[in-house]
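Q: Okay, so here is model20.txt, and as you'll see once you scroll down, it has compact mmCIF, C-alpha atoms.
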# COMPACT_ATOMS: atom_id res chain seq x y z
CA MET E 56 0.00 0.00 0.00
CA LYS E 57 2.80 2.47 0.83
CA VAL E 58 4.36 1.98 -2.60
CA LEU E 59 1.08 3.04 -4.20
CA LEU E 60 1.15 6.27 -2.21
CA ALA E 61 4.16 7.28 -4.29
CA ALA E 62 2.09 6.98 -7.43
CA VAL E 63 -0.52 9.47 -8.55
CA LEU E 64 -4.13 8.63 -7.92
CA THR E 65 -6.82 8.93 -10.65
CA ALA E 66 -10.56 8.62 -11.43
CA ALA E 67 -13.23 7.79 -14.08
CA VAL E 68 -16.84 7.37 -15.28
CA LEU E 69 -18.41 3.99 -16.07
CA THR E 70 -19.18 3.38 -19.73
CA VAL E 71 -21.50 0.36 -19.69
CA PRO E 72 -25.00 0.79 -21.23
CA ALA E 73 -27.78 0.47 -18.66
CA THR E 74 -29.29 -2.45 -20.54
CA GLN E 75 -26.05 -4.43 -20.20
CA ALA E 76 -24.72 -3.25 -16.86
CA LEU E 77 -26.41 -5.90 -14.74
CA ALA E 78 -25.46 -8.65 -17.18
CA GLN E 79 -21.73 -8.03 -16.84
CA PRO E 80 -19.44 -6.89 -14.03
CA LEU E 81 -19.13 -3.17 -13.43
CA ALA E 82 -15.76 -1.69 -14.36
CA VAL E 83 -14.92 -1.04 -10.72
CA PRO E 84 -17.24 -3.17 -8.55
CA GLY E 85 -15.13 -2.59 -5.43
CA GLN E 86 -16.47 0.96 -5.19
CA ALA E 87 -19.99 -0.29 -4.48
CA ALA E 88 -19.31 -1.15 -0.82
CA ALA E 89 -18.13 2.37 0.04
CA MET E 90 -20.99 3.88 -1.95
CA GLN E 91 -23.50 1.65 -0.17
CA ARG E 92 -22.19 3.03 3.12
CA ASP E 93 -22.28 6.69 2.08
CA PHE E 94 -25.58 6.57 0.14
CA GLY E 95 -27.40 4.15 2.48
CA LEU E 96 -28.35 1.79 -0.37
CA SER E 97 -28.40 -1.98 -0.73
CA GLU E 98 -25.85 -3.66 -2.98
CA GLN E 99 -28.48 -4.20 -5.69
CA GLN E 100 -29.65 -0.59 -5.48
CA MET E 101 -26.07 0.63 -5.73
CA GLN E 102 -25.35 -1.57 -8.75
CA GLN E 103 -28.48 -0.27 -10.46
CA ARG E 104 -27.53 3.33 -9.73
CA LEU E 105 -24.01 2.86 -11.08
CA ALA E 106 -25.36 1.24 -14.23
CA ALA E 107 -27.82 4.09 -14.82
CA GLU E 108 -25.15 6.74 -14.21
CA THR E 109 -22.86 4.96 -16.64
CA SER E 110 -25.55 5.10 -19.29
CA ALA E 111 -26.18 8.80 -18.61
CA ALA E 112 -22.49 9.71 -18.87
CA LYS E 113 -22.18 7.83 -22.15
CA LEU E 114 -25.29 9.53 -23.53
CA LEU E 115 -24.26 13.10 -22.64
CA PRO E 116 -22.03 13.94 -25.68
CA ALA E 117 -24.69 12.86 -28.19
CA ALA E 118 -27.45 14.72 -26.34
CA GLN E 119 -25.37 17.90 -26.15
CA LYS E 120 -24.62 17.70 -29.87
CA ALA E 121 -28.32 17.24 -30.66
CA ALA E 122 -29.21 20.33 -28.62
CA GLY E 123 -26.77 22.51 -30.54
CA ALA E 124 -26.75 26.18 -29.59
CA SER E 125 -29.89 25.68 -27.50
CA TYR E 126 -28.01 23.39 -25.06
CA GLY E 127 -28.73 24.62 -21.54
CA GLY E 128 -26.71 22.22 -19.41
CA ALA E 129 -27.32 18.68 -18.18
CA TRP E 130 -27.67 16.73 -14.96
CA TYR E 131 -28.39 13.22 -13.74
CA ASP E 132 -31.77 12.70 -12.04
CA ALA E 133 -31.32 10.00 -9.37
CA ARG E 134 -35.10 9.64 -8.97
CA THR E 135 -35.80 8.76 -12.60
CA GLN E 136 -32.26 7.40 -13.18
CA GLN E 137 -31.99 9.34 -16.43
CA LEU E 138 -29.92 12.09 -17.98
CA VAL E 139 -31.80 15.40 -18.10
CA VAL E 140 -30.84 18.00 -20.70
CA GLY E 141 -31.89 21.62 -20.50
CA VAL E 142 -32.97 23.12 -23.83
CA VAL E 143 -33.81 26.72 -24.71
CA GLY E 144 -36.99 26.80 -26.80
CA GLN E 145 -38.53 23.82 -28.59
CA GLY E 146 -36.49 23.75 -31.80
CA HIS E 147 -34.12 20.98 -30.74
CA ALA E 148 -36.18 19.24 -28.06
CA THR E 149 -37.29 16.39 -30.35
CA ALA E 150 -33.73 15.69 -31.49
CA VAL E 151 -32.51 15.57 -27.88
CA ARG E 152 -35.31 13.21 -26.84
CA ALA E 153 -34.36 10.94 -29.75
CA THR E 154 -30.99 10.33 -28.08
CA GLY E 155 -32.77 8.89 -25.04
CA ALA E 156 -32.35 11.90 -22.72
CA GLN E 157 -35.14 13.68 -20.88
CA VAL E 158 -35.71 17.31 -21.89
CA VAL E 159 -36.65 20.28 -19.73
CA ALA E 160 -37.05 23.90 -20.77
CA VAL E 161 -34.47 26.30 -19.36
CA PRO E 162 -34.33 30.09 -19.71
CA VAL E 163 -30.79 30.53 -21.07
CA SER E 164 -28.21 28.48 -22.94
CA ALA E 165 -25.19 26.99 -21.19
CA LYS E 166 -22.93 29.30 -23.19
CA ALA E 167 -24.88 32.38 -22.14
CA LEU E 168 -24.98 31.23 -18.52
CA ASP E 169 -21.21 30.66 -18.50
CA GLN E 170 -20.75 34.20 -19.84
CA GLN E 171 -23.06 35.48 -17.12
CA LYS E 172 -21.06 33.60 -14.47
CA ALA E 173 -17.80 35.08 -15.81
CA ALA E 174 -19.33 38.57 -15.59
CA VAL E 175 -20.33 37.93 -11.98
CA ASP E 176 -16.79 36.73 -11.21
CA ARG E 177 -15.41 39.99 -12.60
CA ALA E 178 -17.94 42.11 -10.70
CA ALA E 179 -17.19 40.34 -7.41
CA GLY E 180 -13.52 41.24 -7.32
CA LYS E 181 -11.51 39.92 -4.35
CA ALA E 182 -13.27 41.70 -1.48
CA VAL E 183 -15.90 39.02 -0.80
CA PRO E 184 -17.74 38.96 2.56
CA ALA E 185 -16.65 36.01 4.70
CA ALA E 186 -20.29 34.92 5.02
CA VAL E 187 -20.48 34.28 1.25
CA SER E 188 -19.22 30.74 0.60
CA GLY E 189 -19.21 31.21 -3.17
CA TRP E 190 -21.45 31.24 -6.22
CA ALA E 191 -22.25 28.92 -9.13
CA ALA E 192 -24.11 28.90 -12.42
CA ASP E 193 -27.40 27.01 -12.05
CA PRO E 194 -28.71 25.69 -15.39
CA LYS E 195 -32.16 24.90 -13.98
CA SER E 196 -32.94 28.49 -12.98
CA GLY E 197 -30.70 30.20 -15.51
CA THR E 198 -29.19 32.31 -12.73
CA VAL E 199 -25.97 32.52 -10.74
CA VAL E 200 -26.73 31.20 -7.25
CA VAL E 201 -24.92 33.02 -4.43
CA ASN E 202 -24.35 30.77 -1.40
CA VAL E 203 -24.67 32.60 1.93
CA GLN E 204 -23.90 30.84 5.20
CA ALA E 205 -26.95 30.22 7.40
CA GLY E 206 -27.68 32.97 9.92
CA LYS E 207 -24.99 35.30 8.54
CA ARG E 208 -27.00 37.52 6.18
CA SER E 209 -26.02 41.16 6.72
CA LYS E 210 -26.06 44.58 5.07
CA ALA E 211 -22.58 43.87 3.73
CA VAL E 212 -23.78 40.60 2.18
CA ASP E 213 -26.86 42.25 0.69
CA ALA E 214 -24.71 45.02 -0.79
CA PHE E 215 -22.38 42.43 -2.30
CA VAL E 216 -25.31 40.51 -3.82
CA ALA E 217 -26.72 43.75 -5.24
CA LYS E 218 -23.35 44.46 -6.88
CA LEU E 219 -23.34 41.00 -8.47
CA ALA E 220 -26.92 41.43 -9.69
CA LYS E 221 -25.80 44.30 -11.90
CA ALA E 222 -23.69 41.79 -13.87
CA GLY E 223 -26.54 39.30 -14.41
CA ALA E 224 -29.43 37.44 -12.82
CA VAL E 225 -28.54 36.11 -9.37
CA THR E 226 -30.44 34.31 -6.63
CA VAL E 227 -29.43 33.76 -3.00
CA LYS E 228 -29.30 30.34 -1.37
CA GLU E 229 -28.72 29.63 2.32
CA VAL E 230 -26.06 26.97 2.87
CA ALA E 231 -24.14 25.46 5.80
CA ALA E 232 -22.94 27.95 8.40
CA GLN E 233 -19.36 26.68 8.12
CA ALA E 234 -17.02 28.50 5.72
CA PRO E 235 -15.03 26.60 3.06
CA ARG E 236 -11.35 25.95 3.74
CA THR E 237 -8.56 24.12 1.96
CA PHE E 238 -7.68 20.62 3.18
CA SER E 239 -3.92 20.72 3.62
CA ALA E 240 -2.50 19.78 7.02
CA GLY E 241 0.62 19.75 9.19
CA THR E 242 3.12 16.91 8.88
CA VAL E 243 1.91 13.46 9.92
CA GLY E 244 4.27 10.50 9.45
CA GLY E 245 3.33 7.78 6.96
CA ASP E 246 1.07 9.83 4.66
CA PRO E 247 1.50 10.48 0.92
CA TYR E 248 3.60 13.58 0.38
CA TYR E 249 5.04 16.57 2.16
CA VAL E 250 6.14 20.05 1.22
CA SER E 251 8.00 21.62 4.16
CA ASN E 252 5.62 21.14 7.10
CA ILE E 253 2.52 20.66 4.91
CA ARG E 254 0.99 17.28 4.12
CA CYS E 255 -1.25 16.78 1.10
CA SER E 256 -2.46 13.90 -1.06
CA ILE E 257 -1.41 12.73 -4.49
CA GLY E 258 -4.07 13.20 -7.15
CA PHE E 259 -3.51 11.35 -10.43
CA SER E 260 -0.50 9.95 -12.22
CA VAL E 261 0.54 11.63 -15.44
CA TYR E 262 3.48 10.65 -17.59
CA GLY E 263 6.45 12.21 -15.81
CA GLY E 264 4.76 12.92 -12.48
CA PHE E 265 1.46 13.55 -10.77
CA VAL E 266 -1.17 16.28 -10.43
CA THR E 267 -2.42 17.67 -7.15
CA ALA E 268 -3.77 20.84 -5.52
CA GLY E 269 -2.03 24.16 -6.13
CA HIS E 270 -2.44 25.44 -2.58
CA CYS E 271 -0.25 22.60 -1.29
CA GLY E 272 2.97 24.19 -2.57
CA ARG E 273 4.78 25.88 -5.39
CA SER E 274 8.48 25.26 -4.89
CA GLY E 275 10.94 23.11 -2.99
CA THR E 276 11.42 19.38 -2.71
CA VAL E 277 8.40 17.10 -2.47
CA SER E 278 8.94 14.16 -0.11
CA GLY E 279 7.07 10.87 0.01
CA TRP E 280 5.63 8.83 2.88
CA ASP E 281 9.12 7.51 3.74
CA GLY E 282 10.77 10.94 3.77
CA SER E 283 12.68 10.39 0.54
CA ALA E 284 12.58 12.96 -2.27
CA ILE E 285 9.94 12.35 -4.95
CA GLY E 286 10.58 15.36 -7.17
CA SER E 287 9.58 19.04 -7.35
CA PHE E 288 6.75 21.31 -8.47
CA GLN E 289 6.87 22.07 -12.19
CA GLY E 290 3.73 24.20 -12.33
CA TRP E 291 1.12 25.51 -9.90
CA SER E 292 -1.80 27.94 -9.66
CA PHE E 293 -3.65 29.16 -6.55
CA PRO E 294 -5.82 31.11 -5.91
CA GLY E 295 -7.91 31.50 -9.04
CA ASN E 296 -7.32 27.87 -9.93
CA ASP E 297 -6.22 25.13 -7.52
CA TYR E 298 -3.90 22.82 -9.40
CA ALA E 299 -0.26 21.83 -9.63
CA TRP E 300 1.91 19.12 -11.08
CA VAL E 301 4.98 17.49 -9.59
CA SER E 302 7.75 15.73 -11.50
CA VAL E 303 8.69 12.25 -10.30
CA GLY E 304 12.21 10.81 -10.08
CA ASN E 305 14.71 9.56 -7.51
CA GLY E 306 13.50 5.98 -7.87
CA TRP E 307 9.79 6.83 -7.65
CA TRP E 308 7.43 5.96 -10.48
CA THR E 309 3.84 6.52 -11.56
CA VAL E 310 1.02 4.00 -11.85
CA PRO E 311 -2.60 4.48 -13.01
CA VAL E 312 -4.11 3.68 -9.61
CA VAL E 313 -6.27 5.35 -6.97
CA LEU E 314 -5.71 3.91 -3.51
CA GLY E 315 -8.68 2.16 -1.91
CA TRP E 316 -7.14 2.13 1.59
CA GLY E 317 -8.38 -1.41 2.21
CA GLN E 318 -11.97 -0.14 2.18
CA VAL E 319 -12.33 -0.94 -1.53
CA SER E 320 -9.97 -2.43 -4.08
CA ASP E 321 -7.33 -0.08 -5.44
CA GLN E 322 -8.95 1.52 -8.49
CA LEU E 323 -7.45 1.54 -11.98
CA VAL E 324 -7.72 4.80 -13.93
CA ARG E 325 -8.78 4.33 -17.56
CA GLY E 326 -9.63 7.89 -18.64
CA SER E 327 -11.04 11.26 -17.62
CA SER E 328 -14.56 11.43 -19.06
CA GLU E 329 -16.47 14.09 -17.15
CA ALA E 330 -19.48 12.92 -15.11
CA PRO E 331 -22.61 15.13 -15.13
CA ILE E 332 -24.16 16.89 -12.15
CA GLY E 333 -26.11 14.39 -10.05
CA SER E 334 -23.67 11.53 -10.67
CA SER E 335 -21.94 9.58 -7.92
CA VAL E 336 -18.31 10.36 -7.22
CA CYS E 337 -15.76 8.97 -4.76
CA ARG E 338 -12.68 10.54 -3.18
CA SER E 339 -9.40 9.06 -1.96
CA GLY E 340 -7.27 11.05 0.48
CA SER E 341 -4.45 10.49 2.95
CA THR E 342 -6.44 11.49 6.06
CA SER E 343 -10.04 10.32 5.72
CA HIS E 344 -9.28 7.72 3.02
CA TRP E 345 -12.24 6.64 0.85
CA HIS E 346 -15.63 8.41 0.80
CA CYS E 347 -18.38 8.85 -1.77
CA GLY E 348 -21.19 11.26 -2.58
CA THR E 349 -22.82 13.17 -5.43
CA ILE E 350 -21.71 15.93 -7.82
CA LEU E 351 -23.82 18.94 -6.80
CA ALA E 352 -22.67 21.79 -9.06
CA LYS E 353 -20.03 22.80 -11.59
CA ASN E 354 -18.24 26.03 -12.47
CA GLU E 355 -18.68 27.29 -8.90
CA THR E 356 -16.64 30.13 -7.44
CA VAL E 357 -15.51 29.30 -3.88
CA ASN E 358 -14.58 31.94 -1.30
CA TYR E 359 -11.74 30.67 0.92
CA GLY E 360 -11.47 34.09 2.57
CA ASN E 361 -8.79 36.79 2.55
CA GLY E 362 -9.32 37.39 -1.15
CA GLN E 363 -8.60 33.76 -2.05
CA LEU E 364 -11.21 32.82 -4.67
CA PHE E 365 -11.27 29.51 -6.55
CA TYR E 366 -13.02 29.65 -9.95
CA GLY E 367 -14.42 26.74 -11.96
CA ALA E 368 -14.78 24.38 -9.00
CA THR E 369 -16.97 21.28 -8.95
CA LYS E 370 -19.02 20.94 -5.75
CA THR E 371 -19.77 17.55 -4.17
CA SER E 372 -21.50 16.10 -1.12
CA VAL E 373 -18.36 14.07 -0.30
CA CYS E 374 -16.70 14.77 3.05
CA ALA E 375 -12.96 15.47 3.49
CA GLU E 376 -10.49 16.54 6.18
CA GLY E 377 -7.14 18.25 6.60
CA GLY E 378 -4.44 16.46 4.59
CA ASP E 379 -6.88 15.23 1.92
CA SER E 380 -6.06 18.21 -0.33
CA GLY E 381 -4.89 17.19 -3.78
CA GLY E 382 -6.39 13.70 -3.53
CA SER E 383 -8.34 11.90 -6.24
CA PHE E 384 -11.99 12.32 -7.17
CA ILE E 385 -13.09 9.42 -9.38
CA THR E 386 -16.32 8.12 -10.88
CA GLY E 387 -16.06 4.50 -11.95
CA ASP E 388 -12.64 4.30 -13.63
CA GLN E 389 -12.68 7.91 -14.90
CA ALA E 390 -10.62 10.63 -13.21
CA GLN E 391 -12.72 13.67 -12.27
CA GLY E 392 -10.47 16.02 -10.31
CA VAL E 393 -8.22 16.78 -7.36
CA THR E 394 -9.48 17.77 -3.90
CA SER E 395 -9.34 21.47 -3.12
CA GLY E 396 -11.29 22.24 0.07
CA GLY E 397 -14.66 22.32 1.73
CA TRP E 398 -16.39 22.48 5.07
CA GLY E 399 -17.14 19.89 7.76
CA ASN E 400 -15.47 16.52 8.28
CA CYS E 401 -16.12 12.81 7.82
CA SER E 402 -17.64 12.36 11.27
CA SER E 403 -20.39 14.96 11.09
CA GLY E 404 -20.51 15.35 7.29
CA GLY E 405 -19.74 18.20 4.93
CA GLU E 406 -19.17 19.23 1.32
CA THR E 407 -16.00 19.34 -0.77
CA TRP E 408 -14.93 21.06 -3.99
CA PHE E 409 -12.50 19.70 -6.55
CA GLN E 410 -10.44 21.11 -9.40
CA PRO E 411 -11.46 19.32 -12.63
CA VAL E 412 -8.56 17.19 -13.85
CA ASN E 413 -8.98 17.83 -17.57
CA GLU E 414 -8.22 21.53 -17.09
CA ILE E 415 -4.92 20.60 -15.40
CA LEU E 416 -3.97 18.23 -18.22
CA GLN E 417 -4.77 20.85 -20.87
CA THR E 418 -3.00 23.70 -19.07
CA TYR E 419 0.30 21.85 -18.65
CA HIS E 420 0.01 19.64 -21.76
CA LEU E 421 0.13 16.51 -19.61
CA THR E 422 -1.05 13.00 -20.46
CA LEU E 423 -2.98 11.05 -17.86
CA HIS E 424 -1.36 7.72 -17.01
CA THR E 425 -4.11 5.18 -17.72
CA ALA E 426 -4.44 1.44 -17.44
Would you mind writing the file's structure down as structure tokens?

A:
Amino acid sequence: MKVLLAAVLTAAVLTVPATQALAQPLAVPGQAAAMQRDFGLSEQQMQQRLAAETSAAKLLPAAQKAAGASYGGAWYDARTQQLVVGVVGQGHATAVRATGAQVVAVPVSAKALDQQKAAVDRAAGKAVPAAVSGWAADPKSGTVVVNVQAGKRSKAVDAFVAKLAKAGAVTVKEVAAQAPRTFSAGTVGGDPYYVSNIRCSIGFSVYGGFVTAGHCGRSGTVSGWDGSAIGSFQGWSFPGNDYAWVSVGNGWWTVPVVLGWGQVSDQLVRGSSEAPIGSSVCRSGSTSHWHCGTILAKNETVNYGNGQLFYGATKTSVCAEGGDSGGSFITGDQAQGVTSGGWGNCSSGGETWFQPVNEILQTYHLTLHTA
């Protein structure tokens, strides 16, 4: 197990059609036990959910293409176990339904909503009230939803929301009273990697190194669980983004594996297909190990305080704790992203955001190490 900690962890989305999924083994059946625990489902219910999510993820590209310019975003509906695609107007609704996806009317296209979110990001600046956890584009309402911590609404918050509203349609949502924070931690012996007195978690193996969170470090030697040198940071970005990549040498090597910590089998990484909102996702980290939940939102701006904003985050219902930063988010055998931060813990619960992995690969021209 310790050898695998030296390798980069990775994630992925199942690609088995729903009609076949129960007739053949799932790509990563070992995940089901952890997901049963975190979702409170039976083994059969979990297998059925995974199969349906696999079908939805596979369907998404065709449904988006059919929607064309009227595409208004997509999400997985756990109740109906189907992919739902938002469409502006009725011109492309029939073509989208023909792919097998459900169709709902939405007020604005995904492209227009992304532009609206970018305008809100610019209007917000860096002076964000501490009571504002962040904001995200919501395809269902066609607005940017501003998340305000419960019981902390104030004149300063209202003034901030009013400023954002000048850049586009916004709505306010009350969320957990705890503020988001990054999940790095002080040195603890035997865990994945260290930068000075900070411990973080390996994300995914790429050829030549691994990717992780940018707030974990930017320079200096990166040491492994045994104290020996792994390599050094070759690129990093935080705040704004939260990603970095570390070169690997000194006898260390990369493997396309996400550690299961004995709770599930170690998971092979076979790609980085992006799972839609509503899909299941699991996280591996050096402190709280293996936990699962649901993708809640994408392209969210997170306020870590003191002017530290994280743009383009994916929000999940998965818990995490200090030291889990940088660790793998994976759906099936498809890498999704690296852990950034959140609120709460794995005893009382919480939410966690991750940096999408494909953006890291594209930014640094890296190739994911896959099985």

Q: Kindly assemble as a tab-separated table a list of the stretch 191-284 of chain E residues that lie within 10 Å of stretch 298-303 of chain E, each paired with its nearest atom pair and their distance in Å to one decimal, using only C-alpha atoms, sorted first by chain and then by ascending residue number.

A:
residue	atom	partner	partner_atom	distance
E:Ile257	CA	E:Val301	CA	9.5
E:Gly258	CA	E:Trp300	CA	9.3
E:Phe259	CA	E:Trp300	CA	9.5
E:Ser260	CA	E:Trp300	CA	9.5
E:Val261	CA	E:Trp300	CA	8.8
E:Tyr262	CA	E:Ser302	CA	9.0
E:Gly263	CA	E:Ser302	CA	5.7
E:Gly264	CA	E:Ser302	CA	4.2
E:Phe265	CA	E:Val301	CA	5.4
E:Val266	CA	E:Trp300	CA	4.2
E:Thr267	CA	E:Ala299	CA	5.3
E:Ala268	CA	E:Tyr298	CA	4.4
E:Gly269	CA	E:Tyr298	CA	4.0
E:His270	CA	E:Tyr298	CA	7.5
E:Cys271	CA	E:Ala299	CA	8.4
E:Gly272	CA	E:Ala299	CA	8.1
E:Arg273	CA	E:Ala299	CA	7.7
E:Ser274	CA	E:Val301	CA	9.7
E:Thr276	CA	E:Val301	CA	9.6
E:Val277	CA	E:Val301	CA	7.9
E:Ala284	CA	E:Val303	CA	9.0

Q: Would you list the contacts of stretch 204-211 of chain E as an MDAnalysis selection string, taking every protein, DNA or RNA residue within 9 Å and counting only C-alpha atoms, but skipping same-chain residues closer than 4 positions in sequence?

A: chainID E and resid 184:188 215:216 228:234

Q: Take the selection from the previous step and output its residues with C-alpha atoms, as a PDB file, keeping the file's coordinate frame.

A:
ATOM      1  CA  PRO E 184     -17.740  38.960   2.560  1.00  0.00           C
ATOM      2  CA  ALA E 185     -16.650  36.010   4.700  1.00  0.00           C
ATOM      3  CA  ALA E 186     -20.290  34.920   5.020  1.00  0.00           C
ATOM      4  CA  VAL E 187     -20.480  34.280   1.250  1.00  0.00           C
ATOM      5  CA  SER E 188     -19.220  30.740   0.600  1.00  0.00           C
ATOM      6  CA  PHE E 215     -22.380  42.430  -2.300  1.00  0.00           C
ATOM      7  CA  VAL E 216     -25.310  40.510  -3.820  1.00  0.00           C
ATOM      8  CA  LYS E 228     -29.300  30.340  -1.370  1.00  0.00           C
ATOM      9  CA  GLU E 229     -28.720  29.630   2.320  1.00  0.00           C
ATOM     10  CA  VAL E 230     -26.060  26.970   2.870  1.00  0.00           C
ATOM     11  CA  ALA E 231     -24.140  25.460   5.800  1.00  0.00           C
ATOM     12  CA  ALA E 232     -22.940  27.950   8.400  1.00  0.00           C
ATOM     13  CA  GLN E 233     -19.360  26.680   8.120  1.00  0.00           C
ATOM     14  CA  ALA E 234     -17.020  28.500   5.720  1.00  0.00           C
TER      15      ALA E 234
END

Q: Measuring between all atoms listed in the file, which one of E:Val142, E:Ala179, E:Ile253, E:Ala121 shows the shortest distance to E:Pro162?

A: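 Of E:Val142, E:Ala179, E:Ile253, E:Ala121, the one nearest E:Pro162, counting all atoms listed in the file, is E:Val142.
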
Q: How many Å separate atom CA of E:Ser283 from atom CA of E:Arg254?

A: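 Separation between atom CA of E:Ser283 and atom CA of E:Arg254: 14.0 Å.
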
Q: Closest to E:Lys218 among E:Ala191, E:Leu421, E:Val357, E:Ala178, using only C-alpha atoms?

A: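 Using only C-alpha atoms, the shortest distance to E:Lys218 belongs to E:Ala178.
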
Q: Please define a box with edges along x, y and z of the file around all atoms of stretch 105-111 of chain E given in the file, extend it by 4 Å on each side, and return its centre and edge lengths in Å to one decimal, as JSON.

A:
{"center_x": -25.3, "center_y": 5.0, "center_z": -15.2, "size_x": 13.0, "size_y": 15.6, "size_z": 16.2}

Q: Rounded to one decimal place, report the atom CA of E:Ala220-atom CA of E:Thr349 distance in Å.

A: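 Separation of atom CA of E:Ala220 and atom CA of E:Thr349: 28.9 Å.
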
Q: Could you pull the residues within 9 Å of E:Gly382, counting all atoms listed in the file, minus those fewer than 3 positions along the same chain, as a ChimeraX atom specification?

A: /E:63-65,255-259,267-268,338-341,378-379,392-395
